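Asker: Got a structure here, written out as structure tokens. Questions coming.
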Amino acid sequence: MSETLQATDVDTPEADEAPPARSGSSEDLLVQEGDIAGDYLERLLDLLDYDGDIDLDVEAGRAIVSIDGGDDLEKLVGPRGTVLESLQELTRLAVQQETGVRSRLMLDIAGWRAGRRAELADLGRTTAEKVLASGEKVRLHPMTPFERKVVHDAVASVAGVHSESEGEEPQRRVVVLPKP
């Protein structure tokens with residue numbers, strides 16, 4: 001297949017806007033990304049002699065790849081997901097090497113990202129409620145782009161407050177403020 005997929009990788013709310021027009025079926029292109037990523041990760045698991053089931057999906061205009069079921073998979077997550085983030089970037093690069101286009105695929109291992117998403121959504125909501133009650137802004141600890149996006153979405157669900165990102169990577173953080 002010679003068609004390509006164009007996408008960006010930014011954590012701001014604007015990043016969720018529709019990507020540039022694509023030729024062919026965008027779902028087919030995302031499935032192709034998932035297949036390439038799945039093959040890459042299968043080879044990695046074989047090299048490491050780790051067990052794991054790879055699941056491929058397309059959700060919200062993004063290929064989603066998850067690995068579950070192996071006892072050693074926690075090692076591929078690392079502290080605070082640092083190894084997972086690196087593996088996701090390597091997998092995106094493997095997809096880019098084969099397709100010629102930057103991938104936005106999301107990798108989850110052992111359900112870590114799904115669990116982290118729930119924790120961060122709760123943090124965003126409770127922080128927003130605290131800011132609403134106190135009227136004082138709150139700065140959260142530095143987070144990855146994925147983490148900031150989840151918190152921004154959770155804060156947006158609470159009326160009377162809003163959130164912004166401040167700082168430079170790797171110290172970029174979410175600030176929750178009362179609406180004027």
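Every chain in the structure tokens takes a letter, A first, then B, and so on in the order presented; its residues are numbered from 1, and the ligands are numbered from 1 following the presented order.
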Residues at most 10 Å from Glu27 of chain A, counting only C-alpha atoms, excluding those fewer than 5 positions away in the same chain, as a PyMOL selection string?

Answerer: chain A and resi 32-33+58-59+61-63

Asker: Can those selected residues be exported to a file as a PDB file, in the first residue's frame so that it contains N, CA and C atoms?

Answerer:
```pdb
ATOM      1  N   GLN A  32      -3.104  -0.610   9.246  1.00  0.00           N
ATOM      2  CA  GLN A  32      -1.764  -0.933   8.753  1.00  0.00           C
ATOM      3  C   GLN A  32      -0.711  -0.543   9.794  1.00  0.00           C
ATOM      4  N   GLU A  33      -0.830   0.636  10.390  1.00  0.00           N
ATOM      5  CA  GLU A  33       0.082   1.054  11.456  1.00  0.00           C
ATOM      6  C   GLU A  33       0.074   0.043  12.597  1.00  0.00           C
ATOM      7  N   VAL A  58      -8.325   0.448  16.649  1.00  0.00           N
ATOM      8  CA  VAL A  58      -8.300   1.825  16.176  1.00  0.00           C
ATOM      9  C   VAL A  58      -9.351   2.570  16.985  1.00  0.00           C
ATOM     10  N   GLU A  59      -8.928   3.682  17.595  1.00  0.00           N
ATOM     11  CA  GLU A  59      -9.823   4.446  18.459  1.00  0.00           C
ATOM     12  C   GLU A  59      -9.482   5.924  18.357  1.00  0.00           C
ATOM     13  N   GLY A  61      -9.199   8.009  15.945  1.00  0.00           N
ATOM     14  CA  GLY A  61      -8.244   8.388  14.914  1.00  0.00           C
ATOM     15  C   GLY A  61      -6.813   8.019  15.216  1.00  0.00           C
ATOM     16  N   ARG A  62      -6.622   6.953  15.992  1.00  0.00           N
ATOM     17  CA  ARG A  62      -5.284   6.564  16.425  1.00  0.00           C
ATOM     18  C   ARG A  62      -5.223   5.036  16.525  1.00  0.00           C
ATOM     19  N   ALA A  63      -4.115   4.461  16.093  1.00  0.00           N
ATOM     20  CA  ALA A  63      -3.893   3.032  16.284  1.00  0.00           C
ATOM     21  C   ALA A  63      -3.565   2.795  17.755  1.00  0.00           C
TER      22      ALA A  63
END
```

Asker: Excluding Ser66 of chain A and any residue of its chain fewer than 4 positions from it, enumerate the residues within 9 Å of it, using only C-alpha atoms, and give them as a ChimeraX atom specification.

Answerer: /A:38,53-57,106-111

Asker: Quick one: everything within 12 Å of Ser86 of chain A, counting only C-alpha atoms, minus sequence neighbours fewer than 6 positions away in the same chain. Send it as a list in words.

Answerer: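 Everything that qualifies: Leu76, Val77, Gly78, Pro79, Arg80, Arg92, Leu93, Met106, Leu107, Asp108 and Thr144 of chain A.
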
Asker: Just checking: using only C-alpha atoms, which residue out of A:Leu132, A:Glu85, A:Arg104, A:Ala94 ends up closest to Asp39 of chain A?

Answerer: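 Smallest separation from Asp39 of chain A among the options: A:Ala94.
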
Asker: What is the atom CA of Asp68 of chain A to atom CA of Glu89 of chain A distance in Å?

Answerer: 18.7 Å

Asker: Once DSSP has gone over the backbone, tell me which residues of chain A are in strand (DSSP E or B), as a PyMOL selection string.

Answerer: chain A and resi 53-59+62-68+106-109+138-139+161-166+173-178

Asker: Next, write the just-selected residues to a file, as a CSV table (one decimal), in the first residue's frame, keeping C-alpha atoms as the atom set.

Answerer:
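Dumped to result00.csv:
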```
chain,number,residue,atom,x,y,z
A,53,ASP,CA,-0.8,-11.2,23.8
A,54,ILE,CA,-0.9,-8.3,21.4
A,55,ASP,CA,-4.2,-6.6,20.7
A,56,LEU,CA,-4.7,-4.1,17.9
A,57,ASP,CA,-7.5,-1.5,17.7
A,58,VAL,CA,-8.3,1.8,16.2
A,59,GLU,CA,-9.8,4.4,18.5
A,62,ARG,CA,-5.3,6.6,16.4
A,63,ALA,CA,-3.9,3.0,16.3
A,64,ILE,CA,-4.0,1.4,19.7
A,65,VAL,CA,-1.7,-1.5,20.5
A,66,SER,CA,-1.8,-3.3,23.9
A,67,ILE,CA,0.2,-6.1,25.3
A,68,ASP,CA,-1.3,-8.2,28.1
A,106,MET,CA,-0.6,4.6,21.5
A,107,LEU,CA,1.0,1.6,23.3
A,108,ASP,CA,-0.3,0.1,26.5
A,109,ILE,CA,1.4,-2.7,28.4
A,138,VAL,CA,-3.0,24.7,41.7
A,139,ARG,CA,0.1,23.6,39.9
A,161,VAL,CA,-12.4,26.2,36.1
A,162,HIS,CA,-9.9,25.7,33.3
A,163,SER,CA,-6.4,24.3,32.8
A,164,GLU,CA,-3.2,25.3,31.0
A,165,SER,CA,0.2,23.7,30.5
A,166,GLU,CA,3.3,25.7,31.6
A,173,ARG,CA,3.0,20.7,34.1
A,174,VAL,CA,-0.7,21.4,34.3
A,175,VAL,CA,-2.0,24.4,36.1
A,176,VAL,CA,-5.7,24.5,37.1
A,177,LEU,CA,-7.2,27.9,37.5
A,178,PRO,CA,-10.6,29.4,38.4
```

Asker: Take atom CA of Ala37 of chain A and atom CA of Gly100 of chain A and report the distance between them in Å, one decimal.

Answerer: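 Rounded to one decimal, the two atoms are 13.8 Å apart.
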
Asker: Mind listing the alpha helix (DSSP H) residues of chain A, per DSSP on the backbone, as a PyMOL selection string?

Answerer: chain A and resi 26-48+82-99+112-134+145-156

Asker: Can you work out the spacing between atom CA of Arg116 of chain A and atom CA of Val101 of chain A in Å, to one decimal?

Answerer: 28.3 Å

Asker: Which residue gives the smallest distance to Ala114 of chain A among A:Glu129, A:Glu147, A:Glu136, A:Asp72, with only C-alpha atoms counted?

Answerer: A:Glu147

Asker: Can you pull out the residues contacting Ala118 of chain A? Cut-off 10 Å, using only C-alpha atoms, and skip same-chain residues under 4 positions away; I want them as a list in words.

Answerer: Arg113, Ala114, Asp122, Leu123, Gly124, Val150, Val151 and Ala154 of chain A

Asker: Which one of A:Ala156, A:Gly70, A:Arg125, A:Gly135 sits closest to Pro180 of chain A if you count only C-alpha atoms?

Answerer: A:Gly135

Asker: Please determine, counting only C-alpha atoms, which residue among A:Leu90, A:Lys149, A:Gly160, A:Leu45 has the shortest atom-to-atom distance to Leu105 of chain A.

Answerer: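 For Leu105 of chain A, the nearest of the candidates is A:Leu90.
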
Asker: Ranking A:Leu84, A:Leu140, A:Leu30, A:Val155 by minimum distance to Gln171 of chain A and counting only C-alpha atoms, which one comes first?

Answerer: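 Closest candidate: A:Leu140.
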
Asker: Counting only C-alpha atoms, figure out which residue out of A:His152, A:Leu29, A:Leu47, A:Val83 gets nearest to Ser103 of chain A.

Answerer: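 Looking at the shortest contact to Ser103 of chain A, the residue is A:Leu29.
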